[in-house]
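Colleague: Dumping the structure here so I can ask a few things about it.
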Amino acid sequence: SRNVVSWTALIAVYAHRGYGKEALLLFRKMQLEGQVPTTVTFIAVLNACLVPAALAEGRLIHACVVAGGFE
(Lines give C-alpha, C1' and ligand atoms only; values in the text may rest on other atoms or scores of the structure.)
Protein backbone atom coordinates (compact mmCIF):
# COMPACT_ATOMS: atom_id res chain seq x y z
CA SER A 1 0.00 0.00 0.00
CA ARG A 2 1.34 3.42 -0.94
CA ASN A 3 1.40 6.38 1.40
CA VAL A 4 1.44 10.05 0.45
CA VAL A 5 5.25 10.11 0.40
CA SER A 6 5.53 7.30 -2.15
CA TRP A 7 2.72 8.78 -4.28
CA THR A 8 4.43 12.17 -4.22
CA ALA A 9 7.78 10.64 -5.20
CA LEU A 10 6.19 8.88 -8.18
CA ILE A 11 4.38 12.03 -9.28
CA ALA A 12 7.53 14.13 -8.94
CA VAL A 13 9.65 11.72 -11.00
CA TYR A 14 7.06 11.46 -13.77
CA ALA A 15 6.71 15.26 -13.90
CA HIS A 16 10.48 15.79 -13.86
CA ARG A 17 10.98 13.32 -16.72
CA GLY A 18 8.39 15.09 -18.86
CA TYR A 19 5.53 12.65 -18.34
CA GLY A 20 3.03 15.24 -17.14
CA LYS A 21 -0.04 13.33 -18.25
CA GLU A 22 1.05 10.26 -16.33
CA ALA A 23 1.86 12.37 -13.27
CA LEU A 24 -1.63 13.87 -13.35
CA LEU A 25 -3.17 10.41 -13.67
CA LEU A 26 -1.20 9.26 -10.63
CA PHE A 27 -2.39 12.31 -8.70
CA ARG A 28 -6.00 11.47 -9.50
CA LYS A 29 -5.47 7.83 -8.55
CA MET A 30 -3.86 8.90 -5.28
CA GLN A 31 -6.90 11.01 -4.44
CA LEU A 32 -9.28 8.19 -5.38
CA GLU A 33 -7.43 5.92 -2.97
CA GLY A 34 -8.06 8.41 -0.17
CA GLN A 35 -4.58 9.88 0.20
CA VAL A 36 -4.54 13.56 1.16
CA PRO A 37 -1.99 15.58 -0.82
CA THR A 38 0.65 17.58 1.03
CA THR A 39 2.28 20.84 0.02
CA VAL A 40 5.08 18.85 -1.60
CA THR A 41 2.54 16.78 -3.55
CA PHE A 42 0.95 19.93 -4.91
CA ILE A 43 4.34 21.31 -5.96
CA ALA A 44 5.13 18.06 -7.78
CA VAL A 45 1.80 17.87 -9.56
CA LEU A 46 1.83 21.55 -10.54
CA ASN A 47 5.21 20.92 -12.18
CA ALA A 48 3.41 18.39 -14.36
CA CYS A 49 1.13 21.19 -15.55
CA LEU A 50 3.87 23.32 -17.10
CA VAL A 51 2.87 22.39 -20.65
CA PRO A 52 0.07 24.38 -22.33
CA ALA A 53 -2.05 21.25 -22.78
CA ALA A 54 -2.30 20.88 -18.99
CA LEU A 55 -3.15 24.50 -18.21
CA ALA A 56 -6.79 23.78 -17.32
CA GLU A 57 -5.71 20.93 -15.04
CA GLY A 58 -3.20 23.24 -13.39
CA ARG A 59 -5.92 25.77 -12.67
CA LEU A 60 -8.05 23.07 -11.02
CA ILE A 61 -5.14 21.93 -8.90
CA HIS A 62 -4.37 25.52 -7.93
CA ALA A 63 -8.00 25.88 -6.79
CA CYS A 64 -7.48 22.80 -4.57
CA VAL A 65 -4.34 24.38 -3.14
CA VAL A 66 -6.24 27.56 -2.26
CA ALA A 67 -9.23 25.67 -0.89
CA GLY A 68 -6.94 23.52 1.24
CA GLY A 69 -5.28 26.59 2.75
CA PHE A 70 -1.87 25.77 1.32
CA GLU A 71 -1.46 29.13 -0.41
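Chain lettering (A, B, ...) mirrors the order of the C-alpha coordinates, residue numbering begins at 1 for each chain separately, and ligand numbering begins at 1 in order of display.
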Do you know which residues are at most 8 Å from range 40-44 of chain A counting only C-alpha atoms, after dropping those on the same chain fewer than 4 positions away, and could you put them as an MDAnalysis selection string?
Modeller: chainID A and resid 4 8 11:12 15 48 61 65
Colleague: Write the residues you've just listed into a file as a PDB file, in the first residue's frame, and include N, CA, C and O atoms for each of them.
Modeller:
ATOM      1  N   VAL A   4       1.335   8.785   1.180  1.00  0.00           N
ATOM      2  CA  VAL A   4       1.440  10.052   0.450  1.00  0.00           C
ATOM      3  C   VAL A   4       2.871  10.332   0.013  1.00  0.00           C
ATOM      4  O   VAL A   4       3.095  10.923  -1.044  1.00  0.00           O
ATOM      5  N   THR A   8       3.799  10.905  -3.854  1.00  0.00           N
ATOM      6  CA  THR A   8       4.428  12.173  -4.224  1.00  0.00           C
ATOM      7  C   THR A   8       5.732  11.930  -4.970  1.00  0.00           C
ATOM      8  O   THR A   8       6.025  12.605  -5.959  1.00  0.00           O
ATOM      9  N   ILE A  11       4.880  10.871  -8.521  1.00  0.00           N
ATOM     10  CA  ILE A  11       4.377  12.030  -9.275  1.00  0.00           C
ATOM     11  C   ILE A  11       5.520  12.957  -9.651  1.00  0.00           C
ATOM     12  O   ILE A  11       5.622  13.417 -10.794  1.00  0.00           O
ATOM     13  N   ALA A  12       6.412  13.217  -8.703  1.00  0.00           N
ATOM     14  CA  ALA A  12       7.533  14.128  -8.942  1.00  0.00           C
ATOM     15  C   ALA A  12       8.463  13.596 -10.028  1.00  0.00           C
ATOM     16  O   ALA A  12       8.908  14.348 -10.900  1.00  0.00           O
ATOM     17  N   ALA A  15       6.745  13.858 -13.461  1.00  0.00           N
ATOM     18  CA  ALA A  15       6.706  15.255 -13.898  1.00  0.00           C
ATOM     19  C   ALA A  15       8.092  15.725 -14.331  1.00  0.00           C
ATOM     20  O   ALA A  15       8.237  16.382 -15.361  1.00  0.00           O
ATOM     21  N   ALA A  48       3.897  19.189 -13.231  1.00  0.00           N
ATOM     22  CA  ALA A  48       3.412  18.389 -14.357  1.00  0.00           C
ATOM     23  C   ALA A  48       2.508  19.207 -15.265  1.00  0.00           C
ATOM     24  O   ALA A  48       2.226  18.801 -16.391  1.00  0.00           O
ATOM     25  N   ILE A  61      -6.002  22.294 -10.018  1.00  0.00           N
ATOM     26  CA  ILE A  61      -5.140  21.928  -8.896  1.00  0.00           C
ATOM     27  C   ILE A  61      -4.831  23.151  -8.043  1.00  0.00           C
ATOM     28  O   ILE A  61      -4.835  23.085  -6.810  1.00  0.00           O
ATOM     29  N   VAL A  65      -5.365  23.838  -4.033  1.00  0.00           N
ATOM     30  CA  VAL A  65      -4.341  24.378  -3.142  1.00  0.00           C
ATOM     31  C   VAL A  65      -4.928  25.521  -2.306  1.00  0.00           C
ATOM     32  O   VAL A  65      -4.776  25.562  -1.087  1.00  0.00           O
TER      33      VAL A  65
END
Colleague: Just want the 12 Å neighbourhood of Gly34 in chain A, counted on only C-alpha atoms, with same-chain residues fewer than 4 positions away dropped. Output as a ChimeraX atom specification.
Modeller: /A:1-4,7,27-30
Colleague: Run DSSP on the backbone and grab whatever in chain A lands in helix (DSSP H, G or I); send it over as a VMD selection string.
Modeller: chain A and resid 4 to 16 20 to 32 39 to 47 52 to 67
Colleague: Quick one: pull the distance between CA of Val66 in chain A and CA of Tyr19 in chain A, Å, one decimal.
Modeller: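 The value is 24.9 Å.
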Colleague: Which residue out of A:Thr38, A:Ala56, A:Lys21, A:Leu46 has the minimum interatomic distance to Phe70 in chain A when only C-alpha atoms are used?
Modeller: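 Among A:Thr38, A:Ala56, A:Lys21, A:Leu46, it is A:Thr38 that comes nearest to Phe70 in chain A.
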Colleague: For Val5 in chain A, which of A:Ala63, A:Pro37, A:Arg17, A:Ala23 is the closest residue, counting only C-alpha atoms?
Modeller: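 For Val5 in chain A, the nearest of the given residues is A:Pro37.
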Colleague: For CA of Cys64 in chain A and CA of Gly18 in chain A, determine how far apart the two atoms are, in Å to one decimal place.
Modeller: 22.7 Å
